[in-house]
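For reference, data05.pdb is printed below; it contains PDB, C-alpha atoms.
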ATOM      1  CA  MET A   1       0.000   0.000   0.000  1.00  0.00           C
ATOM      2  CA  SER A   2       1.330   3.413  -0.932  1.00  0.00           C
ATOM      3  CA  LEU A   3       1.831   6.152   1.640  1.00  0.00           C
ATOM      4  CA  VAL A   4       0.510   9.703   1.224  1.00  0.00           C
ATOM      5  CA  ARG A   5       2.176  12.584   3.065  1.00  0.00           C
ATOM      6  CA  LEU A   6      -0.073  14.939   5.037  1.00  0.00           C
ATOM      7  CA  ASN A   7       0.226  18.490   6.345  1.00  0.00           C
ATOM      8  CA  ILE A   8      -1.803  20.163   9.094  1.00  0.00           C
ATOM      9  CA  LYS A   9      -4.347  22.538   7.573  1.00  0.00           C
ATOM     10  CA  GLY A  10      -6.353  23.706  10.576  1.00  0.00           C
ATOM     11  CA  ILE A  11      -8.349  23.011  13.719  1.00  0.00           C
ATOM     12  CA  SER A  12     -12.022  23.808  14.229  1.00  0.00           C
ATOM     13  CA  TYR A  13     -14.405  23.403  17.156  1.00  0.00           C
ATOM     14  CA  SER A  14     -16.701  20.405  16.771  1.00  0.00           C
ATOM     15  CA  GLN A  15     -20.366  21.411  16.643  1.00  0.00           C
ATOM     16  CA  THR A  16     -21.488  17.812  17.190  1.00  0.00           C
ATOM     17  CA  GLN A  17     -19.255  16.692  20.081  1.00  0.00           C
ATOM     18  CA  ASN A  18     -19.018  18.916  23.143  1.00  0.00           C
ATOM     19  CA  GLY A  19     -15.428  19.757  24.062  1.00  0.00           C
ATOM     20  CA  ALA A  20     -14.018  18.138  20.917  1.00  0.00           C
ATOM     21  CA  TYR A  21     -12.143  19.614  17.966  1.00  0.00           C
ATOM     22  CA  ALA A  22     -11.637  18.572  14.370  1.00  0.00           C
ATOM     23  CA  LEU A  23      -8.014  18.414  13.255  1.00  0.00           C
ATOM     24  CA  ILE A  24      -7.844  18.883   9.484  1.00  0.00           C
ATOM     25  CA  LEU A  25      -4.969  17.225   7.630  1.00  0.00           C
ATOM     26  CA  SER A  26      -4.444  17.798   3.913  1.00  0.00           C
ATOM     27  CA  GLU A  27      -2.523  15.690   1.421  1.00  0.00           C
ATOM     28  CA  VAL A  28       0.674  17.349   0.205  1.00  0.00           C
ATOM     29  CA  ASP A  29       0.220  16.585  -3.493  1.00  0.00           C
ATOM     30  CA  GLY A  30      -3.553  16.776  -3.750  1.00  0.00           C
ATOM     31  CA  GLN A  31      -6.742  18.529  -2.729  1.00  0.00           C
ATOM     32  CA  ARG A  32      -8.217  16.092  -0.234  1.00  0.00           C
ATOM     33  CA  LYS A  33      -8.380  16.746   3.485  1.00  0.00           C
ATOM     34  CA  LEU A  34      -8.692  14.267   6.332  1.00  0.00           C
ATOM     35  CA  PRO A  35     -10.729  15.425   9.378  1.00  0.00           C
ATOM     36  CA  ILE A  36      -9.917  13.757  12.709  1.00  0.00           C
ATOM     37  CA  VAL A  37     -11.809  14.402  15.963  1.00  0.00           C
ATOM     38  CA  ILE A  38      -9.469  15.187  18.881  1.00  0.00           C
ATOM     39  CA  GLY A  39      -9.835  16.427  22.455  1.00  0.00           C
ATOM     40  CA  ALA A  40      -9.321  19.982  23.717  1.00  0.00           C
ATOM     41  CA  PHE A  41      -5.980  19.203  25.416  1.00  0.00           C
ATOM     42  CA  GLU A  42      -4.529  17.651  22.261  1.00  0.00           C
ATOM     43  CA  ALA A  43      -5.868  20.535  20.140  1.00  0.00           C
ATOM     44  CA  GLN A  44      -4.158  23.009  22.473  1.00  0.00           C
ATOM     45  CA  SER A  45      -0.901  21.037  22.439  1.00  0.00           C
ATOM     46  CA  ILE A  46      -0.852  20.875  18.637  1.00  0.00           C
ATOM     47  CA  ALA A  47      -1.668  24.593  18.342  1.00  0.00           C
ATOM     48  CA  ILE A  48       1.097  25.557  20.783  1.00  0.00           C
ATOM     49  CA  ALA A  49       3.636  23.446  18.873  1.00  0.00           C
ATOM     50  CA  LEU A  50       2.763  25.395  15.727  1.00  0.00           C
ATOM     51  CA  GLU A  51       2.645  28.819  17.380  1.00  0.00           C
ATOM     52  CA  LYS A  52       6.294  29.339  18.306  1.00  0.00           C
ATOM     53  CA  GLU A  53       5.641  32.648  20.085  1.00  0.00           C
ATOM     54  CA  ILE A  54       3.861  31.058  23.070  1.00  0.00           C
ATOM     55  CA  LYS A  55       6.163  29.218  25.465  1.00  0.00           C
ATOM     56  CA  PRO A  56       4.552  27.345  28.386  1.00  0.00           C
ATOM     57  CA  PRO A  57       6.240  28.032  31.750  1.00  0.00           C
ATOM     58  CA  ARG A  58       6.285  24.277  32.392  1.00  0.00           C
ATOM     59  CA  PRO A  59       6.504  21.507  29.773  1.00  0.00           C
ATOM     60  CA  LEU A  60       3.218  20.079  28.531  1.00  0.00           C
ATOM     61  CA  THR A  61       2.958  16.281  28.374  1.00  0.00           C
ATOM     62  CA  HIS A  62       4.131  16.152  24.756  1.00  0.00           C
ATOM     63  CA  ASP A  63       7.018  18.531  25.527  1.00  0.00           C
ATOM     64  CA  LEU A  64       7.999  16.281  28.429  1.00  0.00           C
ATOM     65  CA  PHE A  65       8.024  13.264  26.095  1.00  0.00           C
ATOM     66  CA  LYS A  66      10.249  15.218  23.674  1.00  0.00           C
ATOM     67  CA  ASN A  67      12.674  16.183  26.456  1.00  0.00           C
ATOM     68  CA  PHE A  68      12.737  12.582  27.674  1.00  0.00           C
ATOM     69  CA  ALA A  69      13.409  11.246  24.179  1.00  0.00           C
ATOM     70  CA  ASP A  70      16.150  13.813  23.552  1.00  0.00           C
ATOM     71  CA  ARG A  71      17.865  12.871  26.811  1.00  0.00           C
ATOM     72  CA  PHE A  72      17.988   9.210  25.807  1.00  0.00           C
ATOM     73  CA  ASP A  73      18.777   9.891  22.149  1.00  0.00           C
ATOM     74  CA  ILE A  74      15.477   8.598  20.763  1.00  0.00           C
ATOM     75  CA  GLN A  75      14.322  10.081  17.464  1.00  0.00           C
ATOM     76  CA  VAL A  76      10.790  10.069  16.075  1.00  0.00           C
ATOM     77  CA  LYS A  77      11.331   9.451  12.370  1.00  0.00           C
ATOM     78  CA  GLN A  78       7.724   9.530  11.146  1.00  0.00           C
ATOM     79  CA  VAL A  79       4.080   9.050  12.082  1.00  0.00           C
ATOM     80  CA  ILE A  80       1.765   6.798  10.083  1.00  0.00           C
ATOM     81  CA  ILE A  81      -2.021   6.820  10.384  1.00  0.00           C
ATOM     82  CA  HIS A  82      -2.379   3.160   9.490  1.00  0.00           C
ATOM     83  CA  LYS A  83      -5.949   2.105  10.266  1.00  0.00           C
ATOM     84  CA  LEU A  84      -9.518   3.425  10.341  1.00  0.00           C
ATOM     85  CA  VAL A  85     -12.162   1.390  12.180  1.00  0.00           C
ATOM     86  CA  ASP A  86     -15.673   2.692  12.947  1.00  0.00           C
ATOM     87  CA  GLY A  87     -14.548   6.291  12.537  1.00  0.00           C
ATOM     88  CA  VAL A  88     -11.521   5.878  14.837  1.00  0.00           C
ATOM     89  CA  PHE A  89      -8.038   6.456  13.394  1.00  0.00           C
ATOM     90  CA  TYR A  90      -5.115   4.351  14.626  1.00  0.00           C
ATOM     91  CA  SER A  91      -1.527   5.544  14.348  1.00  0.00           C
ATOM     92  CA  SER A  92       2.036   4.347  14.794  1.00  0.00           C
ATOM     93  CA  ILE A  93       5.091   6.332  15.792  1.00  0.00           C
ATOM     94  CA  ILE A  94       8.274   5.124  14.079  1.00  0.00           C
ATOM     95  CA  CYS A  95      11.202   5.683  16.471  1.00  0.00           C
ATOM     96  CA  GLU A  96      14.922   5.063  16.196  1.00  0.00           C
ATOM     97  CA  ARG A  97      17.669   4.649  18.802  1.00  0.00           C
ATOM     98  CA  ASP A  98      21.192   3.367  18.139  1.00  0.00           C
ATOM     99  CA  LYS A  99      20.096   2.609  14.556  1.00  0.00           C
ATOM    100  CA  ILE A 100      17.401   0.254  15.847  1.00  0.00           C
ATOM    101  CA  GLU A 101      13.885   1.062  14.670  1.00  0.00           C
ATOM    102  CA  GLU A 102      10.833   0.553  16.880  1.00  0.00           C
ATOM    103  CA  ILE A 103       7.130   0.974  16.132  1.00  0.00           C
ATOM    104  CA  ILE A 104       4.919   2.325  18.935  1.00  0.00           C
ATOM    105  CA  ASP A 105       1.116   2.438  18.863  1.00  0.00           C
ATOM    106  CA  ALA A 106      -0.392   5.828  19.725  1.00  0.00           C
ATOM    107  CA  ARG A 107      -3.559   7.844  19.547  1.00  0.00           C
ATOM    108  CA  THR A 108      -3.471   9.882  16.364  1.00  0.00           C
ATOM    109  CA  SER A 109      -3.730  13.200  18.213  1.00  0.00           C
ATOM    110  CA  ASP A 110      -0.742  12.321  20.434  1.00  0.00           C
ATOM    111  CA  ALA A 111       1.254  11.033  17.468  1.00  0.00           C
ATOM    112  CA  ILE A 112       0.710  14.272  15.544  1.00  0.00           C
ATOM    113  CA  ALA A 113       1.544  16.456  18.570  1.00  0.00           C
ATOM    114  CA  LEU A 114       4.844  14.555  18.859  1.00  0.00           C
ATOM    115  CA  ALA A 115       5.522  14.636  15.114  1.00  0.00           C
ATOM    116  CA  LEU A 116       5.369  18.433  15.250  1.00  0.00           C
ATOM    117  CA  ARG A 117       7.876  18.588  18.094  1.00  0.00           C
ATOM    118  CA  PHE A 118      10.291  16.235  16.339  1.00  0.00           C
ATOM    119  CA  LYS A 119       9.672  17.846  12.917  1.00  0.00           C
ATOM    120  CA  ALA A 120       8.738  14.370  11.687  1.00  0.00           C
ATOM    121  CA  PRO A 121       6.588  13.794   8.585  1.00  0.00           C
ATOM    122  CA  ILE A 122       3.001  12.532   8.884  1.00  0.00           C
ATOM    123  CA  PHE A 123       1.684   9.879   6.484  1.00  0.00           C
ATOM    124  CA  THR A 124      -1.406   7.817   5.890  1.00  0.00           C
ATOM    125  CA  TYR A 125      -2.166   5.028   3.459  1.00  0.00           C
ATOM    126  CA  LYS A 126      -3.881   5.816   0.184  1.00  0.00           C
ATOM    127  CA  ASN A 127      -6.811   3.503   0.961  1.00  0.00           C
ATOM    128  CA  ILE A 128      -7.550   5.416   4.200  1.00  0.00           C
ATOM    129  CA  LEU A 129      -7.497   8.733   2.337  1.00  0.00           C
ATOM    130  CA  ASP A 130      -9.730   7.228  -0.354  1.00  0.00           C
ATOM    131  CA  LYS A 131     -12.188   6.107   2.324  1.00  0.00           C
ATOM    132  CA  ALA A 132     -12.213   9.123   4.679  1.00  0.00           C
ATOM    133  CA  GLY A 133     -10.732  11.972   2.641  1.00  0.00           C
ATOM    134  CA  ILE A 134     -12.846  14.946   1.550  1.00  0.00           C
ATOM    135  CA  PHE A 135     -12.143  16.840  -1.668  1.00  0.00           C
ATOM    136  CA  LEU A 136     -11.491  20.557  -1.315  1.00  0.00           C
ATOM    137  CA  LYS A 137     -13.201  22.970  -3.643  1.00  0.00           C
ATOM    138  CA  GLY A 138     -11.001  25.375  -5.575  1.00  0.00           C
ATOM    139  CA  ASN A 139      -7.261  25.860  -5.193  1.00  0.00           C
ATOM    140  CA  ALA A 140      -5.958  24.196  -2.043  1.00  0.00           C
ATOM    141  CA  SER A 141      -2.809  26.316  -1.816  1.00  0.00           C
ATOM    142  CA  GLU A 142      -4.788  29.557  -2.026  1.00  0.00           C
ATOM    143  CA  GLU A 143      -7.136  28.366   0.718  1.00  0.00           C
ATOM    144  CA  ALA A 144      -4.181  27.485   2.915  1.00  0.00           C
ATOM    145  CA  GLU A 145      -2.695  30.962   2.459  1.00  0.00           C
ATOM    146  CA  GLU A 146      -5.989  32.591   3.413  1.00  0.00           C
ATOM    147  CA  ALA A 147      -6.659  30.301   6.401  1.00  0.00           C
ATOM    148  CA  PRO A 148      -6.125  31.803   9.871  1.00  0.00           C
ATOM    149  CA  SER A 149      -3.545  30.292  12.208  1.00  0.00           C
ATOM    150  CA  LEU A 150      -4.461  27.222  14.223  1.00  0.00           C
ATOM    151  CA  VAL A 151      -4.677  29.127  17.487  1.00  0.00           C
ATOM    152  CA  GLU A 152      -6.898  31.753  15.841  1.00  0.00           C
ATOM    153  CA  GLN A 153      -9.184  29.009  14.508  1.00  0.00           C
ATOM    154  CA  LEU A 154      -9.160  27.219  17.852  1.00  0.00           C
ATOM    155  CA  ILE A 155     -10.335  30.391  19.548  1.00  0.00           C
ATOM    156  CA  ALA A 156     -12.677  31.657  16.839  1.00  0.00           C
ATOM    157  CA  ASP A 157     -14.634  28.417  16.716  1.00  0.00           C
ATOM    158  CA  GLU A 158     -15.065  28.032  20.466  1.00  0.00           C
ATOM    159  CA  PRO A 159     -18.385  28.850  22.125  1.00  0.00           C
ATOM    160  CA  SER A 160     -19.055  32.586  22.260  1.00  0.00           C
ATOM    161  CA  SER A 161     -18.483  32.806  26.027  1.00  0.00           C
ATOM    162  CA  THR A 162     -14.723  32.549  25.416  1.00  0.00           C
ATOM    163  CA  GLN A 163     -14.746  35.412  22.920  1.00  0.00           C
ATOM    164  CA  SER A 164     -16.396  38.070  25.080  1.00  0.00           C
ATOM    165  CA  GLU A 165     -13.302  39.991  26.242  1.00  0.00           C
ATOM    166  CA  ASP A 166     -12.272  42.945  24.074  1.00  0.00           C
ATOM    167  CA  TYR A 167      -8.599  43.926  24.272  1.00  0.00           C
ATOM    168  CA  SER A 168      -8.746  46.962  21.989  1.00  0.00           C
ATOM    169  CA  GLY A 169      -8.925  49.432  24.913  1.00  0.00           C
ATOM    170  CA  TYR A 170      -5.635  48.341  26.500  1.00  0.00           C
ATOM    171  CA  THR A 171      -2.204  49.875  25.916  1.00  0.00           C
ATOM    172  CA  ILE A 172       0.664  47.814  24.475  1.00  0.00           C
ATOM    173  CA  LYS A 173       2.349  47.793  27.877  1.00  0.00           C
ATOM    174  CA  GLU A 174      -0.825  46.532  29.557  1.00  0.00           C
ATOM    175  CA  LEU A 175      -1.293  43.897  26.853  1.00  0.00           C
ATOM    176  CA  ASN A 176       2.268  42.625  27.281  1.00  0.00           C
ATOM    177  CA  GLU A 177       1.765  42.380  31.057  1.00  0.00           C
ATOM    178  CA  MET A 178      -1.536  40.525  30.507  1.00  0.00           C
ATOM    179  CA  LEU A 179       0.174  38.211  28.005  1.00  0.00           C
ATOM    180  CA  ASP A 180       2.898  37.332  30.528  1.00  0.00           C
ATOM    181  CA  GLN A 181       0.238  36.680  33.174  1.00  0.00           C
ATOM    182  CA  ALA A 182      -1.869  34.499  30.850  1.00  0.00           C
ATOM    183  CA  VAL A 183       1.177  32.382  29.930  1.00  0.00           C
ATOM    184  CA  ALA A 184       2.184  32.107  33.606  1.00  0.00           C
ATOM    185  CA  ASN A 185      -1.365  30.889  34.364  1.00  0.00           C
ATOM    186  CA  GLU A 186      -1.133  28.460  31.416  1.00  0.00           C
ATOM    187  CA  ASP A 187      -4.206  30.085  29.813  1.00  0.00           C
ATOM    188  CA  TYR A 188      -2.882  29.718  26.290  1.00  0.00           C
ATOM    189  CA  GLU A 189      -6.137  30.534  24.531  1.00  0.00           C
ATOM    190  CA  LYS A 190      -6.304  33.926  26.290  1.00  0.00           C
ATOM    191  CA  ALA A 191      -2.600  34.426  25.562  1.00  0.00           C
ATOM    192  CA  ALA A 192      -3.206  33.823  21.870  1.00  0.00           C
ATOM    193  CA  ARG A 193      -6.026  36.413  21.775  1.00  0.00           C
ATOM    194  CA  ILE A 194      -3.840  38.997  23.506  1.00  0.00           C
ATOM    195  CA  ARG A 195      -0.921  38.188  21.203  1.00  0.00           C
ATOM    196  CA  ASP A 196      -3.160  38.682  18.174  1.00  0.00           C
ATOM    197  CA  GLU A 197      -4.237  42.119  19.486  1.00  0.00           C
ATOM    198  CA  ILE A 198      -0.551  43.092  19.945  1.00  0.00           C
ATOM    199  CA  SER A 199       0.251  41.829  16.441  1.00  0.00           C
ATOM    200  CA  LYS A 200      -2.534  43.953  14.947  1.00  0.00           C
ATOM    201  CA  ARG A 201      -0.880  47.086  16.289  1.00  0.00           C
ATOM    202  CA  SER A 202       2.696  46.332  15.280  1.00  0.00           C
TER     203      SER A 202
END
Turn the structure described in the file into structure tokens.
Amino acid sequence: MSLVRLNIKGISYSQTQNGAYALILSEVDGQRKLPIVIGAFEAQSIAIALEKEIKPPRPLTHDLFKNFADRFDIQVKQVIIHKLVDGVFYSSIICERDKIEEIIDARTSDAIALALRFKAPIFTYKNILDKAGIFLKGNASEEAEEAPSLVEQLIADEPSSTQSEDYSGYTIKELNEMLDQAVANEDYEKAARIRDEISKRS
């Protein structure tokens, strides 16, 4: 079976499952996308790995795994989404240590969060993409350029109660202080909103 490389296209809040998110993967050399339902923690971890500007004061679980692997010279070479059963995706993490390769089963959301931290490629099999992939309309590269960042999508698609605070009335100094406080409190969604307000003014 041939492998198809995937990129992360976006994250959106699931309207059907409370507290869940849809991670959207897109094939590198095509127009299909692969939606995968993931939890809020995994969505946050993936978004933080992509948004380099936000640094947690303490390592998240996936950061801890990366630090642990680095210490013992373990490399994640690639992630393969290898099975789809009853709407559930199954993945494997391909690791290497001392030139010995190991295959570890993992939840797809965890595997992708780790792939980002190791800069490892993500693949799936063609038959899985044929079965669960959705064709994009129009030019995929143009849509990707126009798409907001993952953290922006994560926040924009959350229930309206999380969007109520308006930061436009604060000074840059106040915003930077609030950003530091939000990161210290590990409120990364609030931190991302404040960061976006600062970015608008720079």
Any chance you could resolve the PyMOL selection byres ((chain A and resi 193-201) around 7) against this file and give the residues as a ChimeraX atom specification? /A:167,172,175,179,189-192,202
Once you count all atoms listed in the file, what closest atom pair and distance in Å to one decimal does each residue of range 27-141 of chain A within 8 Å of range 20-23 of chain A have, with rows by chain and rising residue number, as a Markdown table?
| residue | atom | partner | partner_atom | distance |
| --- | --- | --- | --- | --- |
| A:Pro35 | CA | A:Leu23 | CA | 5.6 |
| A:Ile36 | CA | A:Leu23 | CA | 5.1 |
| A:Val37 | CA | A:Ala22 | CA | 4.5 |
| A:Ile38 | CA | A:Tyr21 | CA | 5.3 |
| A:Gly39 | CA | A:Ala20 | CA | 4.8 |
| A:Ala40 | CA | A:Ala20 | CA | 5.8 |
| A:Ala43 | CA | A:Tyr21 | CA | 6.7 |
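Rounded to one decimal, CA of Ile94 in chain A and CA of Ala47 in chain A lie 22.3 Å from each other.
Here CA of Leu50 in chain A and CA of Ala132 in chain A stand 24.7 Å from one another.
For the atom pair formed by CA of Asp187 in chain A and CA of Ser91 in chain A, the distance is 29.1 Å, given to one decimal.
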Please evaluate the PyMOL selection byres ((chain A and resi 6-11) around 6) against the structure above and give the resulting residues as number ranges by chain. A: 5, 12, 22-28, 122-123, 150, 154
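Proximity to Ile46 in chain A was assessed for A:Asp70, A:Glu165, A:Asp105, A:Asp63 counting all atoms listed in the file; the smallest distance is recorded for A:Asp63.
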Select, from A:Ile128, A:Val183, A:Val79, A:Cys95, the residue with the minimum atom-to-atom distance to Ser109 in chain A, counting all atoms listed in the file. A:Val79
Work out where the centre of an axis-aligned box around every listed atom of range 43-48 of chain A lies and how long its edges are once 8 Å is added on each side; give both in Å to one decimal as lines of an AutoDock Vina configuration file.
center_x = -2.4
center_y = 23.0
center_z = 20.4
size_x = 23.0
size_y = 21.0
size_z = 20.1
Test item: residues at most 12 Å from Phe135 in chain A, all atoms listed in the file, excluding those fewer than 4 positions along its chain, as a PyMOL selection string: chain A and resi 25-27+30-35+129-131+139-140
File dump, residues just selected, C-alpha atoms, as an mmCIF file, keeping the file's coordinate frame:
data_model
loop_
_atom_site.group_PDB
_atom_site.id
_atom_site.type_symbol
_atom_site.label_atom_id
_atom_site.label_comp_id
_atom_site.auth_asym_id
_atom_site.auth_seq_id
_atom_site.Cartn_x
_atom_site.Cartn_y
_atom_site.Cartn_z
ATOM 1 C CA LEU A 25 -4.969 17.225 7.630
ATOM 2 C CA SER A 26 -4.444 17.798 3.913
ATOM 3 C CA GLU A 27 -2.523 15.690 1.421
ATOM 4 C CA GLY A 30 -3.553 16.776 -3.750
ATOM 5 C CA GLN A 31 -6.742 18.529 -2.729
ATOM 6 C CA ARG A 32 -8.217 16.092 -0.234
ATOM 7 C CA LYS A 33 -8.380 16.746 3.485
ATOM 8 C CA LEU A 34 -8.692 14.267 6.332
ATOM 9 C CA PRO A 35 -10.729 15.425 9.378
ATOM 10 C CA LEU A 129 -7.497 8.733 2.337
ATOM 11 C CA ASP A 130 -9.730 7.228 -0.354
ATOM 12 C CA LYS A 131 -12.188 6.107 2.324
ATOM 13 C CA ASN A 139 -7.261 25.860 -5.193
ATOM 14 C CA ALA A 140 -5.958 24.196 -2.043
#
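For the set A:Ile74, A:Ala115, A:Val85, A:Ala120, the residue with the smallest atom-to-atom gap to Glu101 in chain A is A:Ile74, counting all atoms listed in the file.
This file, filtered with the PyMOL selection byres ((chain A and resi 124) around 6), gives the residues Leu3, Val4, Ile80, Ile81, His82, Phe123 and Tyr125 of chain A.
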When you count only C-alpha atoms, which of these residues is closest to Ala106 in chain A: A:Phe118, A:Ile54, A:Tyr90, A:Phe72? A:Tyr90
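Between Leu84 in chain A and the candidates A:Arg107, A:Pro56, A:Gln181, A:Leu114, the tightest atom-to-atom separation, counting all atoms listed in the file, involves A:Arg107.
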The residue from A:Ile104, A:Ala69, A:Ile112, A:Ala182 with the smallest atom-to-atom distance to Lys55 in chain A, counting all atoms listed in the file, is A:Ala182
What would range 58-71 of chain A look like with N, CA, C and O atoms in place, written as a compact mmCIF listing (two decimals), keeping the file's coordinate frame?
# COMPACT_ATOMS: atom_id res chain seq x y z
N ARG A 58 5.89 25.65 32.07
CA ARG A 58 6.28 24.28 32.39
C ARG A 58 5.99 23.41 31.17
O ARG A 58 5.07 23.72 30.41
N PRO A 59 6.75 22.32 30.97
CA PRO A 59 6.50 21.51 29.77
C PRO A 59 5.13 20.83 29.81
O PRO A 59 4.73 20.29 30.84
N LEU A 60 4.43 20.87 28.69
CA LEU A 60 3.22 20.08 28.53
C LEU A 60 3.63 18.61 28.40
O LEU A 60 4.81 18.29 28.23
N THR A 61 2.65 17.71 28.43
CA THR A 61 2.96 16.28 28.37
C THR A 61 3.78 15.92 27.14
O THR A 61 4.76 15.17 27.22
N HIS A 62 3.40 16.48 25.98
CA HIS A 62 4.13 16.15 24.76
C HIS A 62 5.53 16.77 24.76
O HIS A 62 6.47 16.21 24.19
N ASP A 63 5.68 17.94 25.39
CA ASP A 63 7.02 18.53 25.53
C ASP A 63 7.89 17.68 26.44
O ASP A 63 9.08 17.49 26.19
N LEU A 64 7.28 17.16 27.50
CA LEU A 64 8.00 16.28 28.43
C LEU A 64 8.49 15.03 27.71
O LEU A 64 9.63 14.60 27.88
N PHE A 65 7.63 14.45 26.87
CA PHE A 65 8.02 13.26 26.10
C PHE A 65 9.21 13.61 25.18
O PHE A 65 10.16 12.84 25.07
N LYS A 66 9.15 14.79 24.56
CA LYS A 66 10.25 15.22 23.67
C LYS A 66 11.55 15.37 24.47
O LYS A 66 12.62 14.91 24.03
N ASN A 67 11.48 16.01 25.63
CA ASN A 67 12.67 16.18 26.46
C ASN A 67 13.24 14.83 26.89
O ASN A 67 14.46 14.62 26.90
N PHE A 68 12.34 13.93 27.26
CA PHE A 68 12.74 12.58 27.67
C PHE A 68 13.43 11.85 26.52
O PHE A 68 14.50 11.24 26.70
N ALA A 69 12.84 11.93 25.34
CA ALA A 69 13.41 11.25 24.18
C ALA A 69 14.76 11.84 23.80
O ALA A 69 15.70 11.10 23.47
N ASP A 70 14.87 13.17 23.86
CA ASP A 70 16.15 13.81 23.55
C ASP A 70 17.24 13.36 24.52
O ASP A 70 18.38 13.11 24.12
N ARG A 71 16.88 13.26 25.79
CA ARG A 71 17.86 12.87 26.81
C ARG A 71 18.42 11.47 26.55
O ARG A 71 19.59 11.20 26.81
